[in-house]
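Visitor: My structure is in run_1.pdb, and what it holds is PDB, C-alpha atoms:
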ATOM      1  CA  GLY A   1     -21.829 -26.188  20.697  1.00  0.00           C
ATOM      2  CA  ALA A   2     -18.424 -27.376  21.975  1.00  0.00           C
ATOM      3  CA  VAL A   3     -16.878 -24.009  22.660  1.00  0.00           C
ATOM      4  CA  VAL A   4     -13.693 -23.686  24.662  1.00  0.00           C
ATOM      5  CA  SER A   5     -12.484 -20.323  25.887  1.00  0.00           C
ATOM      6  CA  GLN A   6      -9.167 -19.187  27.276  1.00  0.00           C
ATOM      7  CA  HIS A   7      -8.328 -16.177  29.377  1.00  0.00           C
ATOM      8  CA  PRO A   8      -6.346 -14.071  28.992  1.00  0.00           C
ATOM      9  CA  SER A   9      -5.731 -14.146  25.258  1.00  0.00           C
ATOM     10  CA  TRP A  10      -2.472 -12.258  25.677  1.00  0.00           C
ATOM     11  CA  VAL A  11      -0.305 -11.523  28.674  1.00  0.00           C
ATOM     12  CA  ILE A  12       3.025  -9.818  29.238  1.00  0.00           C
ATOM     13  CA  CYS A  13       4.811 -10.281  32.532  1.00  0.00           C
ATOM     14  CA  LYS A  14       8.158  -9.642  34.127  1.00  0.00           C
ATOM     15  CA  SER A  15      10.677 -12.386  34.631  1.00  0.00           C
ATOM     16  CA  GLY A  16      10.197 -14.135  37.969  1.00  0.00           C
ATOM     17  CA  THR A  17       6.478 -13.552  38.256  1.00  0.00           C
ATOM     18  CA  SER A  18       3.734 -16.148  37.979  1.00  0.00           C
ATOM     19  CA  VAL A  19       0.976 -16.173  35.399  1.00  0.00           C
ATOM     20  CA  LYS A  20      -2.319 -18.052  35.500  1.00  0.00           C
ATOM     21  CA  ILE A  21      -4.157 -19.063  32.336  1.00  0.00           C
ATOM     22  CA  GLU A  22      -7.758 -20.259  32.465  1.00  0.00           C
ATOM     23  CA  CYS A  23      -9.397 -22.752  30.128  1.00  0.00           C
ATOM     24  CA  ARG A  24     -13.165 -23.170  30.185  1.00  0.00           C
ATOM     25  CA  SER A  25     -15.563 -25.449  28.353  1.00  0.00           C
ATOM     26  CA  LEU A  26     -18.614 -23.272  27.875  1.00  0.00           C
ATOM     27  CA  ASP A  27     -21.322 -25.664  26.791  1.00  0.00           C
ATOM     28  CA  PHE A  28     -20.209 -29.149  27.766  1.00  0.00           C
ATOM     29  CA  GLN A  29     -18.570 -30.920  30.652  1.00  0.00           C
ATOM     30  CA  ALA A  30     -14.906 -31.584  30.036  1.00  0.00           C
ATOM     31  CA  THR A  31     -13.797 -34.763  31.724  1.00  0.00           C
ATOM     32  CA  THR A  32     -10.326 -34.315  30.258  1.00  0.00           C
ATOM     33  CA  MET A  33      -8.374 -31.192  29.441  1.00  0.00           C
ATOM     34  CA  PHE A  34      -5.070 -30.952  27.660  1.00  0.00           C
ATOM     35  CA  TRP A  35      -2.464 -28.218  27.683  1.00  0.00           C
ATOM     36  CA  TYR A  36      -0.228 -27.646  24.677  1.00  0.00           C
ATOM     37  CA  ARG A  37       2.597 -25.243  23.956  1.00  0.00           C
ATOM     38  CA  GLN A  38       3.398 -23.953  20.503  1.00  0.00           C
ATOM     39  CA  PHE A  39       6.542 -22.055  19.562  1.00  0.00           C
ATOM     40  CA  PRO A  40       6.592 -19.946  16.360  1.00  0.00           C
ATOM     41  CA  LYS A  41       6.415 -22.076  13.236  1.00  0.00           C
ATOM     42  CA  GLN A  42       6.435 -25.213  15.355  1.00  0.00           C
ATOM     43  CA  SER A  43       3.814 -27.822  16.098  1.00  0.00           C
ATOM     44  CA  LEU A  44       1.697 -28.133  19.195  1.00  0.00           C
ATOM     45  CA  MET A  45       3.557 -30.013  21.896  1.00  0.00           C
ATOM     46  CA  LEU A  46       1.512 -31.675  24.590  1.00  0.00           C
ATOM     47  CA  MET A  47       2.529 -30.533  28.051  1.00  0.00           C
ATOM     48  CA  ALA A  48       0.072 -32.342  30.273  1.00  0.00           C
ATOM     49  CA  THR A  49      -3.253 -34.103  30.479  1.00  0.00           C
ATOM     50  CA  SER A  50      -5.644 -33.493  33.333  1.00  0.00           C
ATOM     51  CA  ASN A  51      -8.766 -35.318  34.369  1.00  0.00           C
ATOM     52  CA  GLU A  52     -11.305 -33.605  36.590  1.00  0.00           C
ATOM     53  CA  GLY A  53     -10.505 -34.145  40.225  1.00  0.00           C
ATOM     54  CA  SER A  54      -7.185 -35.874  39.562  1.00  0.00           C
ATOM     55  CA  LYS A  55      -3.581 -34.793  39.387  1.00  0.00           C
ATOM     56  CA  ALA A  56      -2.329 -33.885  35.955  1.00  0.00           C
ATOM     57  CA  THR A  57      -0.118 -36.253  33.988  1.00  0.00           C
ATOM     58  CA  TYR A  58       2.883 -34.418  32.596  1.00  0.00           C
ATOM     59  CA  GLU A  59       4.792 -35.273  29.448  1.00  0.00           C
ATOM     60  CA  GLN A  60       8.457 -36.089  29.667  1.00  0.00           C
ATOM     61  CA  GLY A  61      10.584 -32.997  30.012  1.00  0.00           C
ATOM     62  CA  VAL A  62       7.797 -30.773  31.351  1.00  0.00           C
ATOM     63  CA  GLU A  63       8.472 -29.512  34.879  1.00  0.00           C
ATOM     64  CA  LYS A  64       5.376 -30.093  36.954  1.00  0.00           C
ATOM     65  CA  ASP A  65       6.552 -27.683  39.650  1.00  0.00           C
ATOM     66  CA  LYS A  66       6.905 -24.944  37.083  1.00  0.00           C
ATOM     67  CA  PHE A  67       3.709 -25.561  35.161  1.00  0.00           C
ATOM     68  CA  LEU A  68       1.000 -26.092  37.761  1.00  0.00           C
ATOM     69  CA  ILE A  69      -2.227 -27.507  36.392  1.00  0.00           C
ATOM     70  CA  ASN A  70      -5.492 -27.600  38.258  1.00  0.00           C
ATOM     71  CA  HIS A  71      -8.698 -29.152  36.958  1.00  0.00           C
ATOM     72  CA  ALA A  72     -11.027 -28.477  39.823  1.00  0.00           C
ATOM     73  CA  SER A  73     -14.322 -28.658  37.956  1.00  0.00           C
ATOM     74  CA  LEU A  74     -15.790 -30.150  34.804  1.00  0.00           C
ATOM     75  CA  THR A  75     -15.669 -26.790  33.059  1.00  0.00           C
ATOM     76  CA  LEU A  76     -12.446 -25.191  34.257  1.00  0.00           C
ATOM     77  CA  SER A  77      -8.756 -25.988  34.142  1.00  0.00           C
ATOM     78  CA  THR A  78      -5.954 -23.587  34.971  1.00  0.00           C
ATOM     79  CA  LEU A  79      -2.292 -23.525  34.018  1.00  0.00           C
ATOM     80  CA  THR A  80       0.001 -21.478  36.235  1.00  0.00           C
ATOM     81  CA  VAL A  81       3.464 -20.700  34.940  1.00  0.00           C
ATOM     82  CA  THR A  82       5.494 -20.118  38.082  1.00  0.00           C
ATOM     83  CA  SER A  83       8.598 -17.922  38.168  1.00  0.00           C
ATOM     84  CA  ALA A  84       8.310 -17.285  34.467  1.00  0.00           C
ATOM     85  CA  HIS A  85      11.416 -16.670  32.383  1.00  0.00           C
ATOM     86  CA  PRO A  86      11.813 -15.369  28.832  1.00  0.00           C
ATOM     87  CA  GLU A  87      12.239 -18.908  27.511  1.00  0.00           C
ATOM     88  CA  ASP A  88       8.701 -19.642  28.719  1.00  0.00           C
ATOM     89  CA  SER A  89       7.364 -17.132  26.199  1.00  0.00           C
ATOM     90  CA  SER A  90       5.115 -19.133  23.903  1.00  0.00           C
ATOM     91  CA  PHE A  91       1.569 -19.723  22.718  1.00  0.00           C
ATOM     92  CA  TYR A  92      -0.300 -21.893  25.211  1.00  0.00           C
ATOM     93  CA  ILE A  93      -3.374 -23.731  23.944  1.00  0.00           C
ATOM     94  CA  CYS A  94      -5.799 -25.854  25.890  1.00  0.00           C
ATOM     95  CA  SER A  95      -8.238 -28.402  24.593  1.00  0.00           C
ATOM     96  CA  ALA A  96     -11.149 -30.143  26.231  1.00  0.00           C
ATOM     97  CA  SER A  97     -12.873 -33.447  25.721  1.00  0.00           C
ATOM     98  CA  GLY A  98     -15.997 -34.877  27.304  1.00  0.00           C
ATOM     99  CA  ARG A  99     -18.426 -37.696  26.903  1.00  0.00           C
ATOM    100  CA  ALA A 100     -20.241 -38.385  23.638  1.00  0.00           C
ATOM    101  CA  PRO A 101     -21.071 -36.421  21.577  1.00  0.00           C
ATOM    102  CA  TYR A 102     -18.235 -34.229  22.887  1.00  0.00           C
ATOM    103  CA  ASN A 103     -15.612 -36.961  22.895  1.00  0.00           C
ATOM    104  CA  GLU A 104     -13.324 -35.167  20.460  1.00  0.00           C
ATOM    105  CA  GLN A 105     -10.771 -32.540  21.389  1.00  0.00           C
ATOM    106  CA  PHE A 106     -12.068 -29.014  21.126  1.00  0.00           C
ATOM    107  CA  PHE A 107      -9.390 -26.356  21.230  1.00  0.00           C
ATOM    108  CA  GLY A 108      -9.368 -22.979  22.867  1.00  0.00           C
ATOM    109  CA  PRO A 109      -8.164 -19.860  21.034  1.00  0.00           C
ATOM    110  CA  GLY A 110      -4.808 -19.865  22.808  1.00  0.00           C
ATOM    111  CA  THR A 111      -2.957 -17.532  25.155  1.00  0.00           C
ATOM    112  CA  ARG A 112       0.153 -15.729  24.046  1.00  0.00           C
ATOM    113  CA  LEU A 113       2.609 -15.318  26.923  1.00  0.00           C
ATOM    114  CA  THR A 114       5.514 -12.905  26.675  1.00  0.00           C
ATOM    115  CA  VAL A 115       7.982 -12.824  29.543  1.00  0.00           C
ATOM    116  CA  LEU A 116      10.246  -9.804  29.621  1.00  0.00           C
TER     117      LEU A 116
ATOM    118  CA  GLN B 117      12.723 -40.109  13.271  1.00  0.00           C
ATOM    119  CA  LYS B 118       9.860 -38.048  14.597  1.00  0.00           C
ATOM    120  CA  GLU B 119       6.543 -39.772  15.135  1.00  0.00           C
ATOM    121  CA  VAL B 120       4.763 -37.515  12.654  1.00  0.00           C
ATOM    122  CA  GLU B 121       6.419 -35.805   9.712  1.00  0.00           C
ATOM    123  CA  GLN B 122       4.823 -32.967   7.807  1.00  0.00           C
ATOM    124  CA  ASP B 123       6.400 -30.664   5.252  1.00  0.00           C
ATOM    125  CA  PRO B 124       6.061 -27.131   6.686  1.00  0.00           C
ATOM    126  CA  GLY B 125       5.958 -25.493   3.258  1.00  0.00           C
ATOM    127  CA  PRO B 126       5.098 -22.748   2.628  1.00  0.00           C
ATOM    128  CA  LEU B 127       2.805 -23.824  -0.153  1.00  0.00           C
ATOM    129  CA  SER B 128       1.470 -21.144  -2.501  1.00  0.00           C
ATOM    130  CA  VAL B 129      -1.290 -21.841  -5.020  1.00  0.00           C
ATOM    131  CA  PRO B 130      -3.655 -19.756  -7.153  1.00  0.00           C
ATOM    132  CA  GLU B 131      -7.339 -19.581  -6.345  1.00  0.00           C
ATOM    133  CA  GLY B 132      -9.222 -22.576  -7.704  1.00  0.00           C
ATOM    134  CA  ALA B 133      -6.272 -24.968  -7.516  1.00  0.00           C
ATOM    135  CA  ILE B 134      -6.409 -28.412  -5.946  1.00  0.00           C
ATOM    136  CA  VAL B 135      -4.212 -28.580  -2.871  1.00  0.00           C
ATOM    137  CA  SER B 136      -2.642 -31.744  -1.523  1.00  0.00           C
ATOM    138  CA  LEU B 137      -1.307 -31.825   2.022  1.00  0.00           C
ATOM    139  CA  ASN B 138       0.409 -34.889   3.463  1.00  0.00           C
ATOM    140  CA  CYS B 139       1.801 -36.442   6.608  1.00  0.00           C
ATOM    141  CA  THR B 140       3.731 -39.602   7.281  1.00  0.00           C
ATOM    142  CA  TYR B 141       4.004 -41.356  10.585  1.00  0.00           C
ATOM    143  CA  SER B 142       5.975 -44.146  12.174  1.00  0.00           C
ATOM    144  CA  ASN B 143       3.720 -45.466  14.940  1.00  0.00           C
ATOM    145  CA  SER B 144       1.583 -48.283  13.570  1.00  0.00           C
ATOM    146  CA  ALA B 145      -0.676 -48.031  16.631  1.00  0.00           C
ATOM    147  CA  PHE B 146      -2.216 -44.787  15.380  1.00  0.00           C
ATOM    148  CA  GLN B 147      -5.826 -45.369  14.367  1.00  0.00           C
ATOM    149  CA  TYR B 148      -7.426 -41.942  14.585  1.00  0.00           C
ATOM    150  CA  PHE B 149      -6.350 -39.262  12.152  1.00  0.00           C
ATOM    151  CA  MET B 150      -7.338 -35.639  12.145  1.00  0.00           C
ATOM    152  CA  TRP B 151      -6.698 -32.516  10.155  1.00  0.00           C
ATOM    153  CA  TYR B 152      -6.854 -29.138  11.858  1.00  0.00           C
ATOM    154  CA  ARG B 153      -6.767 -25.662  10.370  1.00  0.00           C
ATOM    155  CA  GLN B 154      -5.061 -22.941  12.350  1.00  0.00           C
ATOM    156  CA  TYR B 155      -5.172 -19.266  11.519  1.00  0.00           C
ATOM    157  CA  SER B 156      -2.410 -17.032  12.802  1.00  0.00           C
ATOM    158  CA  ARG B 157      -2.503 -16.585  16.586  1.00  0.00           C
ATOM    159  CA  LYS B 158      -5.630 -18.714  16.914  1.00  0.00           C
ATOM    160  CA  GLY B 159      -6.361 -22.168  18.254  1.00  0.00           C
ATOM    161  CA  PRO B 160      -6.683 -25.149  15.870  1.00  0.00           C
ATOM    162  CA  GLU B 161     -10.071 -25.902  14.335  1.00  0.00           C
ATOM    163  CA  LEU B 162     -11.003 -29.497  13.508  1.00  0.00           C
ATOM    164  CA  LEU B 163     -11.577 -30.002   9.781  1.00  0.00           C
ATOM    165  CA  MET B 164     -11.636 -33.725   9.230  1.00  0.00           C
ATOM    166  CA  TYR B 165     -11.600 -36.799  11.439  1.00  0.00           C
ATOM    167  CA  THR B 166     -10.974 -40.303  10.101  1.00  0.00           C
ATOM    168  CA  TYR B 167     -10.785 -43.639  11.796  1.00  0.00           C
ATOM    169  CA  SER B 168      -8.430 -46.266  10.336  1.00  0.00           C
ATOM    170  CA  SER B 169      -7.887 -46.461   6.582  1.00  0.00           C
ATOM    171  CA  GLY B 170     -10.072 -45.047   3.861  1.00  0.00           C
ATOM    172  CA  ASN B 171     -11.423 -41.818   2.464  1.00  0.00           C
ATOM    173  CA  LYS B 172     -13.740 -39.214   3.898  1.00  0.00           C
ATOM    174  CA  GLU B 173     -15.234 -36.300   2.033  1.00  0.00           C
ATOM    175  CA  ASP B 174     -16.780 -33.115   3.400  1.00  0.00           C
ATOM    176  CA  GLY B 175     -17.558 -30.420   0.892  1.00  0.00           C
ATOM    177  CA  ARG B 176     -14.340 -29.284  -0.751  1.00  0.00           C
ATOM    178  CA  PHE B 177     -12.214 -31.346   1.625  1.00  0.00           C
ATOM    179  CA  THR B 178     -11.220 -35.004   1.253  1.00  0.00           C
ATOM    180  CA  ALA B 179      -9.134 -36.895   3.786  1.00  0.00           C
ATOM    181  CA  GLN B 180      -7.342 -40.109   2.899  1.00  0.00           C
ATOM    182  CA  VAL B 181      -5.624 -42.563   5.181  1.00  0.00           C
ATOM    183  CA  ASP B 182      -3.336 -45.351   3.995  1.00  0.00           C
ATOM    184  CA  LYS B 183      -2.279 -47.258   7.083  1.00  0.00           C
ATOM    185  CA  SER B 184      -0.202 -49.746   5.086  1.00  0.00           C
ATOM    186  CA  SER B 185       2.025 -46.891   3.939  1.00  0.00           C
ATOM    187  CA  LYS B 186       1.601 -44.858   7.148  1.00  0.00           C
ATOM    188  CA  TYR B 187       0.558 -41.914   5.008  1.00  0.00           C
ATOM    189  CA  ILE B 188      -2.363 -39.519   5.270  1.00  0.00           C
ATOM    190  CA  SER B 189      -3.517 -36.773   2.939  1.00  0.00           C
ATOM    191  CA  LEU B 190      -5.881 -33.840   2.865  1.00  0.00           C
ATOM    192  CA  PHE B 191      -7.118 -32.579  -0.485  1.00  0.00           C
ATOM    193  CA  ILE B 192      -8.737 -29.188  -0.900  1.00  0.00           C
ATOM    194  CA  ARG B 193     -10.654 -28.643  -4.131  1.00  0.00           C
ATOM    195  CA  ASP B 194     -11.388 -25.222  -5.627  1.00  0.00           C
ATOM    196  CA  SER B 195      -9.135 -23.559  -3.085  1.00  0.00           C
ATOM    197  CA  GLN B 196     -10.120 -20.104  -1.882  1.00  0.00           C
ATOM    198  CA  PRO B 197      -8.105 -17.249  -0.366  1.00  0.00           C
ATOM    199  CA  SER B 198      -9.958 -17.940   2.889  1.00  0.00           C
ATOM    200  CA  ASP B 199      -8.269 -21.361   2.955  1.00  0.00           C
ATOM    201  CA  SER B 200      -4.955 -19.612   3.595  1.00  0.00           C
ATOM    202  CA  ALA B 201      -3.863 -20.959   6.973  1.00  0.00           C
ATOM    203  CA  THR B 202      -1.641 -23.553   8.573  1.00  0.00           C
ATOM    204  CA  TYR B 203      -2.906 -27.117   8.316  1.00  0.00           C
ATOM    205  CA  LEU B 204      -1.893 -29.548  11.023  1.00  0.00           C
ATOM    206  CA  CYS B 205      -2.279 -33.287  10.910  1.00  0.00           C
ATOM    207  CA  ALA B 206      -2.796 -35.048  14.228  1.00  0.00           C
ATOM    208  CA  MET B 207      -3.023 -38.656  15.263  1.00  0.00           C
ATOM    209  CA  SER B 208      -3.898 -40.845  18.177  1.00  0.00           C
ATOM    210  CA  ALA B 209      -3.786 -44.508  19.031  1.00  0.00           C
ATOM    211  CA  ASN B 210      -6.999 -44.087  20.983  1.00  0.00           C
ATOM    212  CA  GLN B 211     -10.148 -42.145  20.277  1.00  0.00           C
ATOM    213  CA  ALA B 212      -9.927 -38.447  19.525  1.00  0.00           C
ATOM    214  CA  GLY B 213     -10.566 -37.493  23.112  1.00  0.00           C
ATOM    215  CA  THR B 214      -7.103 -38.611  24.135  1.00  0.00           C
ATOM    216  CA  ALA B 215      -3.701 -37.025  23.660  1.00  0.00           C
ATOM    217  CA  LEU B 216      -2.854 -36.167  20.076  1.00  0.00           C
ATOM    218  CA  ILE B 217       0.479 -36.162  18.310  1.00  0.00           C
ATOM    219  CA  PHE B 218       0.688 -33.272  15.889  1.00  0.00           C
ATOM    220  CA  GLY B 219       2.676 -32.695  12.737  1.00  0.00           C
ATOM    221  CA  LYS B 220       4.571 -29.451  12.401  1.00  0.00           C
ATOM    222  CA  GLY B 221       1.910 -27.968  10.126  1.00  0.00           C
ATOM    223  CA  THR B 222       1.946 -26.841   6.492  1.00  0.00           C
ATOM    224  CA  THR B 223       1.414 -23.166   5.762  1.00  0.00           C
ATOM    225  CA  LEU B 224      -0.843 -22.657   2.755  1.00  0.00           C
ATOM    226  CA  SER B 225      -1.334 -19.417   0.866  1.00  0.00           C
ATOM    227  CA  VAL B 226      -4.050 -19.156  -1.782  1.00  0.00           C
ATOM    228  CA  SER B 227      -3.790 -16.091  -3.973  1.00  0.00           C
ATOM    229  CA  SER B 228      -6.750 -14.519  -5.759  1.00  0.00           C
TER     230      SER B 228
END
Could you render the structure as structure tokens?
Guide:
Amino acid sequence: GAVVSQHPSWVICKSGTSVKIECRSLDFQATTMFWYRQFPKQSLMLMATSNEGSKATYEQGVEKDKFLINHASLTLSTLTVTSAHPEDSSFYICSASGRAPYNEQFFGPGTRLTVL
Amino acid sequence: QKEVEQDPGPLSVPEGAIVSLNCTYSNSAFQYFMWYRQYSRKGPELLMYTYSSGNKEDGRFTAQVDKSSKYISLFIRDSQPSDSATYLCAMSANQAGTALIFGKGTTLSVSS
């Protein structure tokens, strides 16, 4: 159990376009979902935390108007990178946490975004 | 000083060696300590989870936490080529279901 999926796994887009990444908890209800960004050879940096039905809480330095997060249901959260630029190219990873026994963070496989 | 420090390596060992991976931290509020394994272009996979100080063993893996020194370790016995990956330490002041602070990760290569 405790499987988290992400879609797409890899996306290439042109500068100025928007990209939506989905994160799903497949076999448990995720009361909280987290979005991380990881640059090559760097650690995971938390971007935002979202609770189902509430607005996301963004970390300092993360533009909430650029990285739109929606957590509309207990199994789905989406991250939309608006007006993407090459510097947004990164590996985006979500994680999900629910109630016991799923009260750890279970990570998705990640989405690699390349902005040309 | 960063909240969590981890030597990025790379660390290369022969098959069968004992591997020691370490992290130090500065925030004394951290109580939950985790080790994740991440293969290239994949999401992190939870290996070990420890609350407060002490040791925890799971198969070939042993996690140690020394809160007095703000130092945590992961030992891998009888290392295998399949252990080759990046190992990330992560910590939280609250339970594991809350935001985690990650180390940079140590890249391990085990040669056969």
Visitor: Determine which residues of chain B sit within 9 Å of chain A, taking into account all atoms listed in the file, and present them as JSON, numbers by chain.
Guide: {"B": [124, 157, 158, 159, 160, 161, 162, 204, 211, 212, 213, 214, 215, 216, 217, 218, 219, 220, 221]}
Visitor: In Å, rounded to a single decimal, give me how far atom CA of Ala206 of chain B is from atom CA of Met150 of chain B.
Guide: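 Spanning atom CA of Met150 of chain B to atom CA of Ala206 of chain B is a straight-line distance of 5.0 Å.
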Visitor: Please write as an NGL selection string the full residue list that the PyMOL selection byres ((chain A and resi 72-88) around 6) yields on this file.
Guide: :A and (15-25 or 29-31 or 52-53 or 66-71 or 89 or 115-116)
Visitor: May I ask which of the residues B:Tyr203, B:Tyr141, B:Phe191, B:Phe149 is the closest one to Ser168 of chain B, counting all atoms listed in the file?
Guide: B:Phe149
Visitor: Hey, can I get the axis-aligned box for segment 136-143 of chain B? All listed atoms, 5 Å padding on each side, centre and edge lengths in Å to one decimal, as JSON.
Guide:
{"center_x": 1.7, "center_y": -38.6, "center_z": 6.7, "size_x": 18.6, "size_y": 23.7, "size_z": 26.5}
Visitor: Could you tell me, as number ranges by chain, exactly which residues end up selected when the PyMOL selection byres ((chain B and resi 135) around 9) is applied to this structure?
Guide: B: 127, 129, 133-134, 136-137, 190-195, 224
Visitor: Could you state which residues are captured by the PyMOL selection byres ((chain B and resi 171) around 10) in this file, as number ranges by chain?
Guide: B: 166-170, 172-173, 178-182, 188-190
Visitor: What's the separation between atom CA of Arg153 of chain B and atom CA of Ser225 of chain B, in Å to one decimal place?
Guide: 12.6 Å
Visitor: Enter the distance from atom CA of Asn138 of chain B to atom CA of Gln122 of chain B, in Å, rounded to one decimal.
Guide: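 Rounded to one decimal, the two atoms are 6.5 Å apart.
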